[in-house]
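As stored in query.csv (CSV, C-alpha atoms and all ligand atoms):
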```csv
chain,number,residue,atom,x,y,z
A,682,MET,CA,70.1,-4.8,212.5
A,683,THR,CA,71.5,-4.5,209.0
A,684,THR,CA,69.4,-3.3,206.2
A,685,ILE,CA,69.5,-3.2,202.4
A,686,LYS,CA,67.9,0.2,202.2
A,687,GLY,CA,69.9,3.2,201.2
A,688,PRO,CA,71.7,4.6,198.2
A,689,GLY,CA,74.6,2.2,198.1
A,690,ALA,CA,78.3,3.1,198.0
A,691,ALA,CA,79.2,6.1,195.8
A,692,GLU,CA,82.6,7.0,194.5
A,693,THR,CA,84.4,9.7,196.5
A,694,LEU,CA,83.7,13.0,194.8
A,695,ASP,CA,85.5,16.3,195.2
A,696,GLY,CA,82.9,19.0,196.1
A,697,SER,CA,85.5,21.7,196.7
A,698,GLY,CA,84.3,23.8,193.7
A,699,LEU,CA,80.6,23.4,194.3
A,700,ARG,CA,78.1,26.0,195.3
A,701,ILE,CA,75.2,24.5,197.2
A,702,ALA,CA,72.0,26.1,198.5
A,703,ILE,CA,69.9,24.6,201.3
A,704,VAL,CA,66.3,25.8,201.6
A,705,HIS,CA,64.6,24.6,204.7
A,706,ALA,CA,61.2,24.9,206.3
A,707,ARG,CA,60.9,26.0,209.9
A,708,TRP,CA,58.0,23.8,211.0
A,709,ASN,CA,59.2,21.1,213.3
A,710,THR,CA,62.4,23.0,213.9
A,711,ALA,CA,64.0,20.5,216.3
A,712,ILE,CA,64.0,17.8,213.6
A,713,ILE,CA,64.8,20.3,210.8
A,714,GLU,CA,67.9,21.6,212.6
A,715,ASN,CA,69.5,18.1,212.8
A,716,LEU,CA,68.7,17.3,209.2
A,717,VAL,CA,70.3,20.6,208.1
A,718,ALA,CA,73.3,19.8,210.3
A,719,GLY,CA,73.6,16.3,208.7
A,720,ALA,CA,73.4,17.7,205.2
A,721,LYS,CA,76.2,20.3,206.0
A,722,LYS,CA,78.3,17.5,207.6
A,723,SER,CA,78.3,15.6,204.3
A,724,LEU,CA,78.9,18.7,202.3
A,725,PHE,CA,82.0,19.6,204.4
A,726,ALA,CA,83.2,16.0,204.3
A,727,ALA,CA,83.2,16.2,200.4
A,728,GLY,CA,85.2,19.5,200.6
A,729,VAL,CA,82.4,22.0,199.9
A,730,LYS,CA,83.5,25.3,201.4
A,731,GLU,CA,81.4,27.0,204.0
A,732,GLU,CA,81.3,30.2,202.1
A,733,ASN,CA,79.8,28.3,199.1
A,734,ILE,CA,76.8,27.1,201.1
A,735,THR,CA,73.8,29.3,201.2
A,736,ILE,CA,71.0,28.7,203.7
A,737,GLN,CA,67.5,30.1,203.2
A,738,THR,CA,64.4,29.4,205.3
A,739,VAL,CA,60.7,29.4,204.5
A,740,PRO,CA,57.8,29.0,207.0
A,741,GLY,CA,56.6,25.6,206.1
A,742,SER,CA,57.2,22.8,203.6
A,743,TYR,CA,54.5,24.1,201.3
A,744,GLU,CA,56.7,27.1,200.6
A,745,LEU,CA,59.7,25.0,199.7
A,746,PRO,CA,59.2,25.0,195.9
A,747,ILE,CA,58.9,28.8,195.7
A,748,GLY,CA,61.8,29.1,198.1
A,749,VAL,CA,64.0,26.9,195.8
A,750,GLN,CA,62.8,28.6,192.7
A,751,ARG,CA,63.6,32.0,194.0
A,752,GLN,CA,67.2,30.9,194.8
A,753,LEU,CA,67.5,30.0,191.2
A,754,ASP,CA,65.9,33.1,189.9
A,755,ILE,CA,68.4,35.3,191.6
A,756,SER,CA,71.3,33.2,190.2
A,757,MET,CA,69.9,32.8,186.7
A,758,PRO,CA,69.3,36.1,184.8
A,759,CYS,CA,67.8,34.3,181.9
A,760,PHE,CA,65.1,32.7,184.1
A,761,ASP,CA,62.0,34.8,184.6
A,762,THR,CA,59.2,33.8,186.9
A,763,LYS,CA,56.6,35.5,184.8
A,764,LEU,CA,57.4,32.9,182.2
A,765,THR,CA,58.0,29.5,183.6
A,766,SER,CA,57.6,27.7,180.3
A,767,PRO,CA,60.6,25.2,180.0
A,768,SER,CA,60.6,25.8,176.2
A,769,LEU,CA,60.9,29.5,176.6
A,770,TYR,CA,63.6,29.0,179.2
A,771,ALA,CA,65.5,26.7,176.8
A,772,ALA,CA,65.2,29.3,174.1
A,773,SER,CA,66.6,32.0,176.4
A,774,GLN,CA,69.5,29.6,177.1
A,775,VAL,CA,70.2,29.2,173.4
A,776,GLN,CA,70.2,33.0,173.0
A,777,ALA,CA,72.6,33.3,176.0
A,778,SER,CA,75.0,30.8,174.6
A,779,ASN,CA,75.0,32.6,171.2
A,780,THR,CA,75.5,36.0,172.6
A,781,GLY,CA,77.6,35.1,175.6
A,782,GLU,CA,75.2,37.1,177.8
A,783,GLY,CA,72.3,36.2,179.9
A,784,ILE,CA,68.9,37.4,178.6
A,785,SER,CA,65.6,37.4,180.4
A,786,ALA,CA,62.8,35.5,179.0
A,787,THR,CA,60.8,38.7,179.0
A,788,ASP,CA,63.4,40.4,176.9
A,789,LEU,CA,63.4,37.4,174.6
A,790,LEU,CA,59.7,37.8,174.0
A,791,SER,CA,59.7,41.5,173.5
A,792,SER,CA,62.8,41.8,171.5
A,793,SER,CA,62.2,42.3,167.8
A,794,THR,CA,65.8,41.5,167.0
A,795,THR,CA,65.8,38.1,168.5
A,796,ASP,CA,65.9,35.4,165.8
A,797,LEU,CA,66.0,32.0,167.4
A,798,SER,CA,65.9,30.3,164.0
A,799,LYS,CA,69.6,31.2,163.7
A,800,SER,CA,70.4,29.4,166.9
A,801,THR,CA,72.0,26.0,166.3
A,802,THR,CA,73.6,25.2,169.6
A,803,ALA,CA,71.9,24.9,173.0
A,804,SER,CA,74.6,24.7,175.5
A,805,PRO,CA,73.8,25.3,179.2
A,806,SER,CA,74.2,28.8,180.6
A,807,PRO,CA,77.3,29.2,182.8
A,808,LYS,CA,75.3,31.6,184.9
A,809,LYS,CA,73.6,29.0,187.2
A,810,ALA,CA,75.3,29.9,190.4
A,811,PHE,CA,74.1,26.8,192.4
A,812,ASP,CA,75.2,23.4,191.4
A,813,ALA,CA,72.5,21.8,193.5
A,814,ILE,CA,69.8,22.8,196.0
A,815,ILE,CA,68.7,20.8,199.0
A,816,ALA,CA,65.1,21.3,200.0
A,817,ILE,CA,64.4,20.2,203.6
A,818,GLY,CA,61.1,19.9,205.4
A,819,VAL,CA,59.3,17.7,207.9
A,820,LEU,CA,55.6,17.0,207.3
A,821,ILE,CA,54.0,15.2,210.2
A,822,LYS,CA,50.6,13.6,209.5
A,823,GLY,CA,47.7,15.0,211.5
A,824,ALA,CA,44.0,14.3,211.7
A,825,THR,CA,43.1,15.9,208.4
A,826,MET,CA,44.0,15.6,204.7
A,827,HIS,CA,46.4,18.5,205.1
A,828,PHE,CA,49.5,16.2,205.0
A,829,GLU,CA,48.5,14.5,201.8
A,830,TYR,CA,47.9,17.7,199.9
A,831,ILE,CA,51.1,19.4,201.0
A,832,ALA,CA,53.2,16.3,200.4
A,833,ASP,CA,51.9,15.9,196.9
A,834,ALA,CA,52.2,19.6,196.0
A,835,VAL,CA,55.7,19.9,197.3
A,836,SER,CA,56.9,16.7,195.6
A,837,HIS,CA,55.6,17.9,192.3
A,838,GLY,CA,56.7,21.5,192.8
A,839,LEU,CA,60.3,20.5,193.6
A,840,MET,CA,60.4,18.1,190.6
A,841,ARG,CA,59.1,20.8,188.3
A,842,VAL,CA,61.7,23.3,189.4
A,843,GLN,CA,64.6,20.9,188.8
A,844,LEU,CA,63.3,19.7,185.4
A,845,ASP,CA,62.5,23.3,184.3
A,846,THR,CA,65.9,24.6,185.3
A,847,GLY,CA,68.2,21.6,185.0
A,848,VAL,CA,69.5,22.4,188.5
A,849,PRO,CA,69.3,19.3,190.8
A,850,VAL,CA,66.9,19.7,193.7
A,851,ILE,CA,67.5,17.2,196.4
A,852,PHE,CA,64.3,15.9,198.0
A,853,GLY,CA,64.8,16.4,201.7
A,854,LEU,CA,61.2,16.2,202.7
A,855,LEU,CA,60.3,13.8,205.4
A,856,THR,CA,56.7,12.7,205.2
A,857,VAL,CA,56.2,10.9,208.5
A,858,LEU,CA,53.2,9.6,210.4
A,859,THR,CA,54.5,10.5,213.9
A,860,GLU,CA,56.9,12.9,215.5
A,861,GLU,CA,59.0,9.9,216.6
A,862,GLN,CA,59.4,8.8,213.0
A,863,GLY,CA,60.8,12.2,212.2
A,864,LEU,CA,63.2,12.2,215.2
A,865,GLU,CA,64.4,8.8,214.2
A,866,ARG,CA,65.2,9.9,210.6
A,867,ALA,CA,67.1,12.9,211.9
A,868,GLY,CA,69.3,10.7,213.9
A,869,LEU,CA,67.7,11.8,217.2
A,870,GLY,CA,65.8,8.6,218.0
A,871,SER,CA,66.7,5.6,220.2
A,872,SER,CA,66.9,3.1,217.3
A,873,GLY,CA,70.2,4.3,216.0
A,874,MET,CA,68.8,5.2,212.6
A,875,HIS,CA,71.2,7.5,210.8
A,876,ASN,CA,70.5,11.1,210.0
A,877,HIS,CA,68.9,11.3,206.6
A,878,GLY,CA,70.3,14.8,206.1
A,879,GLU,CA,73.7,13.3,205.6
A,880,ASP,CA,72.3,11.3,202.6
A,881,TRP,CA,70.9,14.5,201.1
A,882,GLY,CA,74.2,16.3,201.5
A,883,SER,CA,76.0,13.5,199.7
A,884,ALA,CA,73.3,13.4,197.0
A,885,ALA,CA,73.8,17.2,196.4
A,886,VAL,CA,77.5,16.7,195.9
A,887,GLU,CA,77.1,13.8,193.5
A,888,LEU,CA,74.4,15.5,191.4
A,889,GLY,CA,76.3,18.8,191.5
A,890,VAL,CA,79.5,17.1,190.2
A,891,LYS,CA,77.6,15.1,187.7
A,892,ARG,CA,75.6,18.0,186.4
A,893,ARG,CA,78.9,19.7,185.5
A,894,ASP,CA,79.9,16.6,183.6
A,895,TRP,CA,76.5,16.4,181.9
A,896,SER,CA,76.7,20.1,180.7
A,901,LIG,C1,50.0,24.2,208.4
A,901,LIG,C2,51.1,23.2,208.5
A,901,LIG,C3,50.8,22.0,209.2
A,901,LIG,C4,49.5,21.7,209.8
A,901,LIG,N1,51.8,21.1,209.3
A,901,LIG,C5,53.0,21.3,208.8
A,901,LIG,C6,54.0,20.3,208.9
A,901,LIG,O1,53.9,19.2,209.5
A,901,LIG,N2,55.2,20.6,208.3
A,901,LIG,C7,55.4,21.7,207.6
A,901,LIG,O2,56.5,21.9,207.1
A,901,LIG,N3,54.5,22.6,207.5
A,901,LIG,C8,53.3,22.5,208.1
A,901,LIG,N4,52.3,23.4,207.9
A,901,LIG,C9,52.6,24.7,207.3
A,901,LIG,C10,52.5,24.7,205.7
A,901,LIG,O3,53.5,24.0,205.1
A,901,LIG,C11,52.5,26.1,205.2
A,901,LIG,O4,53.6,26.8,205.7
A,901,LIG,C12,51.2,26.9,205.6
A,901,LIG,O5,50.1,26.2,205.2
A,901,LIG,C13,51.3,28.3,204.9
A,901,LIG,O6,51.3,28.2,203.5
```
Encoded form (structure tokens):
Amino acid sequence: MTTIKGPGAAETLDGSGLRIAIVHARWNTAIIENLVAGAKKSLFAAGVKEENITIQTVPGSYELPIGVQRQLDISMPCFDTKLTSPSLYAASQVQASNTGEGISATDLLSSSTTDLSKSTTASPSPKKAFDAIIAIGVLIKGATMHFEYIADAVSHGLMRVQLDTGVPVIFGLLTVLTEEQGLERAGLGSSGMHNHGEDWGSAAVELGVKRRDWS
């Protein structure tokens, strides 16, 4: 059966210079593994090099936002988890672009020599090592409200990380009512539904390339 759902055709993009991180939960591993494989398939098809793909795991989907944020922490010297304020982060970016060096937000606060009023340009730091991050998890609804709370928290957490840092975070969280729905969306069902991980890999390439253009 044909369907109108899906992202539509995108231009062919060259991902050969991109660095992509995948952070995935381990709950519902059989489904997760295929979703990760699908994402990697699309990354490779776009030319992303294996050595430029970092894979990190967390126990469950609830840990995805902190897992993603920590990937960015280690790649962005000017981002300090003690100070997650976007405005302070932006200020540290200004400082970094003026001095040519990364500076932690903590340094920024404690430094008596920092004078942000002299800063006129706010170009993005070149120190963000990842062009995009794919967060992958599978939440299967149970008998309690657990599912709703985690789905809501993870959605907002991942959005917050990407808007606070400017690094695209691809939403690879399946929120399914049954195990079968999860298997179907990982390309493991009998209906012939495609592996949604492939869409997420393509989205990471598109956003990674576009983010460089937007910078
Ligand atoms: C506890 C739990 C449950 C019941 N179900 C899922 C699930 O379907 N998918 C998932 O990714 N994680 C689940 N978890 C684990 C939580 O996400 C989290 O790892 C724990 O509550 C510890 O913080």
Next on the checklist: When you look at region 878-883 of chain A with a cut-off of 10 Å (counting only C-alpha atoms), what residues show up, excluding the ones that are within fewer than 2 positions of it in the same chain? I need them as a ChimeraX atom specification.
Outcome noted: /A:687-688,691,693-694,696,701,703,713-727,813-817,850-854,866-868,875-876,885-889
Item to check | Among listed residues A:Gly838, A:Pro740, A:Gly863, A:Pro746, nearest ligand LIG 901 (chain A) (using all atoms listed in the file) | outcome: A:Pro740
Checklist entry - Within 8 Å of ligand LIG 901 (chain A), counting all atoms listed in the file, which protein or nucleic acid residues do you find, written as a list in words? => result Ala706, Arg707, Trp708, Asn709, Val739, Pro740, Gly741, Ser742, Tyr743, Glu744, Gly818, Val819, Leu820, Ile821, Lys822, Gly823, His827, Phe828 and Ile831 of chain A
Item to check | Separation of CA of His877 (chain A) from CA of Glu865 (chain A), in Å and rounded to one decimal | outcome: 9.2 Å
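Here CA of Gly728 (chain A) is placed at a distance of 21.6 Å from CA of His705 (chain A).
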